[in-house]
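First comes the structure, then the notes that go with it.
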Amino acid sequence: MEIDNGNSASHRNLIRFDWALKRLLRNRANFEVLEGFLTVLLGERVTIRNIGESDGNKTGPDDKYNRVDILTENDRNELFLIELQIDSQADYFHRMLYGVSKAVTESLKQGEGYIRIGKVYHINIVYFGLGQGKDYVYHGRNDFYGIHHHDLLQLNERQRNLYQKTVAGDLFPEYYILRVNDFNDVARDGLDEWMYYLKNDRIPDEFTAPGLAMAREKLLYDRLSDREKREYDRHRMNISYEKSAFATSRDEGIDLGRKEGIDLGRKEGIDLGRKEGEEEREKLKRELEENEKKLEERDREIAELRRLLDGR
């Protein structure tokens with residue numbers, strides 16, 4: 001879809017999604033925005049029942065601006081753990097595993113049976129190169145296949161009635177990874193429209209994906225209070241500073257690596273030259289010794305010939 005570049009509502013100043021997750025979307029009046037996002041991502045209607053507190057919901061002076069998470073529950077007792085991270089983290093896949101494990105264990109109260117464990121969807125919105133792949137949205141789930149017959153493990157009739165699920169994998173957590181920076185800004189469907197907003201902080205008028213209409217209305221910068229505007233401006237400045245610091249560190253690292261590489265190359269060149277010089281000297285020494293031996297042998301032959309001639 002071609003994006004409108006005029007002076008339409010698509011260019012109204014919307015706040016970043018991470019700020020919205022941390023400050024605005026926890027309000028019940030704004031649930032429709034998150035419901036729309038989850039509905040588009042999962043391909044089925046999601047109705048949020050409540051939103052709990054999380055480690056990433058800090059709002060003090062030490063507020064983390066590079067990560068935010070939110071835990072929601074729908075009307076079917078399913079949990080949605082949404083994590084958004086800006087800075088690169090090498091062990092992020094393990095963080096995903098930890099986040100889901102924590103959500104599962106904390107959802108089960110002491111003394112409750114395992115049947116109370118609800119389905120968990122872990123949605124990861126990342127603004128760095130997580131892993132290596134061609135796509136910008138990845139989905140993972142646990143399914144069980146037979147080693148010998150390669151059949152998918154199903155639930156039996158009693159389990160189907162109990163869980164309202166079909167296959168064993170339906171009971172286990174599912175993961176989504178949205179690699180925002182890899183999106184090419186071409187919106188072909190509702191999920192792409194959401195990706196466009198996540199990447200550009202804008203929602204063109206022609207976008208109609210669930211939740212985006214409410215986002216246009218609720219996530220306007222102008223709707224913030226003066227205090228919220230100051231905090232949001234500081235938030236954006238922190239992100240810009242972090243990006244700039246990262247870019248500077250990267251460039252300095254490249255320059256330092258290049259310099260060290262040149263110095264190392266010079267040293268290796270000297271060492272190699274010294275080694276080759278020593279090898280050449282050894283070669284010349286051996287050749288000289290061989291020539292001396294040949295001369296000595298020749299002198300002995302000449303002396304023997306003279307002795308023979310004198311004896312005649």
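Letters A, B, ... go to the chains of the structure tokens in the order shown; residues in each chain start at 1; ligands are counted from 1 in the same order.
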* Asked: Quick one: residues within 7 Å of Phe80 in chain A, only C-alpha atoms counted, chain neighbours fewer than 2 positions away excluded, as JSON, numbers by chain?
  -> {"A": [71, 72, 73, 78, 82, 120, 121, 122]}
* Would you return as a list in words the members of range 88-292 of chain A that DSSP assigns to strand (DSSP E) on this structure's backbone? => Val120, Tyr121, His122, Ile123, Asn124, Ile125, Val126, Val137, Tyr138, His139, Gly140, Arg141, Glu174, Tyr175, Tyr176, Ile177, Leu178 and Arg179 of chain A
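Nearest-residue note for Arg95 in chain A: choosing from A:Met195, A:Asn124, A:Leu79, A:Arg300, the minimum distance belongs to A:Asn124, counting only C-alpha atoms.
Those residues that approach Gly211 in chain A to within 7 Å, counting only C-alpha atoms, are Glu32, Val33, Leu34, Glu35, Gly36, Phe37, Met214 and Ala215 of chain A; same-chain residues fewer than 3 positions away are not listed.
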Any chance you can output those residues with N, CA, C and O atoms as a PDB file, in the first residue's frame?
```
ATOM      1  N   GLU A  32      -8.955  -1.083  23.984  1.00  0.00           N
ATOM      2  CA  GLU A  32      -9.279  -1.385  22.587  1.00  0.00           C
ATOM      3  C   GLU A  32      -8.043  -1.355  21.697  1.00  0.00           C
ATOM      4  O   GLU A  32      -7.959  -2.086  20.704  1.00  0.00           O
ATOM      5  N   VAL A  33      -7.073  -0.510  22.058  1.00  0.00           N
ATOM      6  CA  VAL A  33      -5.857  -0.416  21.244  1.00  0.00           C
ATOM      7  C   VAL A  33      -5.086  -1.731  21.306  1.00  0.00           C
ATOM      8  O   VAL A  33      -4.740  -2.317  20.271  1.00  0.00           O
ATOM      9  N   LEU A  34      -4.826  -2.209  22.525  1.00  0.00           N
ATOM     10  CA  LEU A  34      -4.108  -3.473  22.680  1.00  0.00           C
ATOM     11  C   LEU A  34      -4.906  -4.653  22.141  1.00  0.00           C
ATOM     12  O   LEU A  34      -4.353  -5.583  21.551  1.00  0.00           O
ATOM     13  N   GLU A  35      -6.209  -4.631  22.362  1.00  0.00           N
ATOM     14  CA  GLU A  35      -7.065  -5.706  21.850  1.00  0.00           C
ATOM     15  C   GLU A  35      -6.956  -5.794  20.339  1.00  0.00           C
ATOM     16  O   GLU A  35      -6.887  -6.891  19.766  1.00  0.00           O
ATOM     17  N   GLY A  36      -6.915  -4.643  19.681  1.00  0.00           N
ATOM     18  CA  GLY A  36      -6.779  -4.632  18.227  1.00  0.00           C
ATOM     19  C   GLY A  36      -5.453  -5.204  17.784  1.00  0.00           C
ATOM     20  O   GLY A  36      -5.390  -6.009  16.843  1.00  0.00           O
ATOM     21  N   PHE A  37      -4.388  -4.801  18.460  1.00  0.00           N
ATOM     22  CA  PHE A  37      -3.057  -5.299  18.120  1.00  0.00           C
ATOM     23  C   PHE A  37      -2.989  -6.816  18.269  1.00  0.00           C
ATOM     24  O   PHE A  37      -2.512  -7.528  17.378  1.00  0.00           O
ATOM     25  N   MET A 214      -8.528   3.747  17.288  1.00  0.00           N
ATOM     26  CA  MET A 214      -8.460   4.182  18.675  1.00  0.00           C
ATOM     27  C   MET A 214      -7.078   4.745  18.993  1.00  0.00           C
ATOM     28  O   MET A 214      -6.942   5.721  19.733  1.00  0.00           O
ATOM     29  N   ALA A 215      -6.036   4.148  18.423  1.00  0.00           N
ATOM     30  CA  ALA A 215      -4.674   4.641  18.656  1.00  0.00           C
ATOM     31  C   ALA A 215      -4.519   6.061  18.118  1.00  0.00           C
ATOM     32  O   ALA A 215      -3.876   6.910  18.753  1.00  0.00           O
TER      33      ALA A 215
END
```
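The residue that comes closest to Ile117 in chain A, out of A:Asn161, A:Asn77, A:Asn200, A:Ser240 and on the basis of only C-alpha atoms, is A:Asn77.
Between CA of Tyr163 in chain A and CA of Tyr98 in chain A lies a distance of 24.7 Å.
The environment of Phe93 in chain A within 12 Å, counting only C-alpha atoms and disregarding residues fewer than 3 places along the same chain, consists of Ser88, Gln89, Ala90, Met96, Leu97, Tyr98, Gly99, Val100, His122, Asn124, Val126, Leu130, Gly131, Tyr175, Tyr176 and Ile177 of chain A.
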* **Residues of range 19-246 of chain A in alpha helix (DSSP H), written as JSON, numbers by chain** => {"A": [19, 31, 32, 33, 34, 35, 36, 37, 38, 39, 40, 41, 42, 92, 93, 94, 95, 96, 97, 98, 99, 100, 101, 102, 103, 104, 105, 106, 107, 157, 158, 159, 160, 161, 162, 163, 190, 191, 192, 193, 194, 195, 196, 197, 198, 199, 200, 212, 213, 214, 215, 216, 217, 218, 226, 227, 228, 229, 230, 231, 232, 233, 234, 235, 236, 237, 238, 239, 240, 241, 242, 243, 244, 245, 246]}
* Asked: Hey, what's within 7 Å of Gln154 in chain A if we count only C-alpha atoms and toss same-chain stuff fewer than 3 positions away? As a ChimeraX atom specification, please?
  -> /A:166-168
Now that the selection is made, can you save its residues with N, CA and C atoms as an mmCIF file, in the first residue's frame?
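Everything below was put into part.cif:
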```
data_model
loop_
_atom_site.group_PDB
_atom_site.id
_atom_site.type_symbol
_atom_site.label_atom_id
_atom_site.label_comp_id
_atom_site.auth_asym_id
_atom_site.auth_seq_id
_atom_site.Cartn_x
_atom_site.Cartn_y
_atom_site.Cartn_z
ATOM 1 N N THR A 166 -7.230 -28.954 20.942
ATOM 2 C CA THR A 166 -7.212 -30.122 20.072
ATOM 3 C C THR A 166 -5.921 -30.923 20.165
ATOM 4 N N VAL A 167 -4.790 -30.232 20.065
ATOM 5 C CA VAL A 167 -3.499 -30.928 20.082
ATOM 6 C C VAL A 167 -2.721 -30.530 21.331
ATOM 7 N N ALA A 168 -1.759 -31.384 21.701
ATOM 8 C CA ALA A 168 -0.994 -31.138 22.927
ATOM 9 C C ALA A 168 -0.274 -29.800 22.876
#
```
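Among the candidates A:Tyr92, A:Leu155, A:Gln164, A:Arg188, the residue lying nearest to Gly118 in chain A is A:Gln164 (atoms considered: only C-alpha atoms).
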* Find the spatial neighbours of Phe144 in chain A, counting only C-alpha atoms, within a cut-off of 8 Å - ignore same-chain residues fewer than 3 positions away - and output them as a list of chain:residue names. => A:Leu152, A:Leu153, A:Ala168, A:Gly169
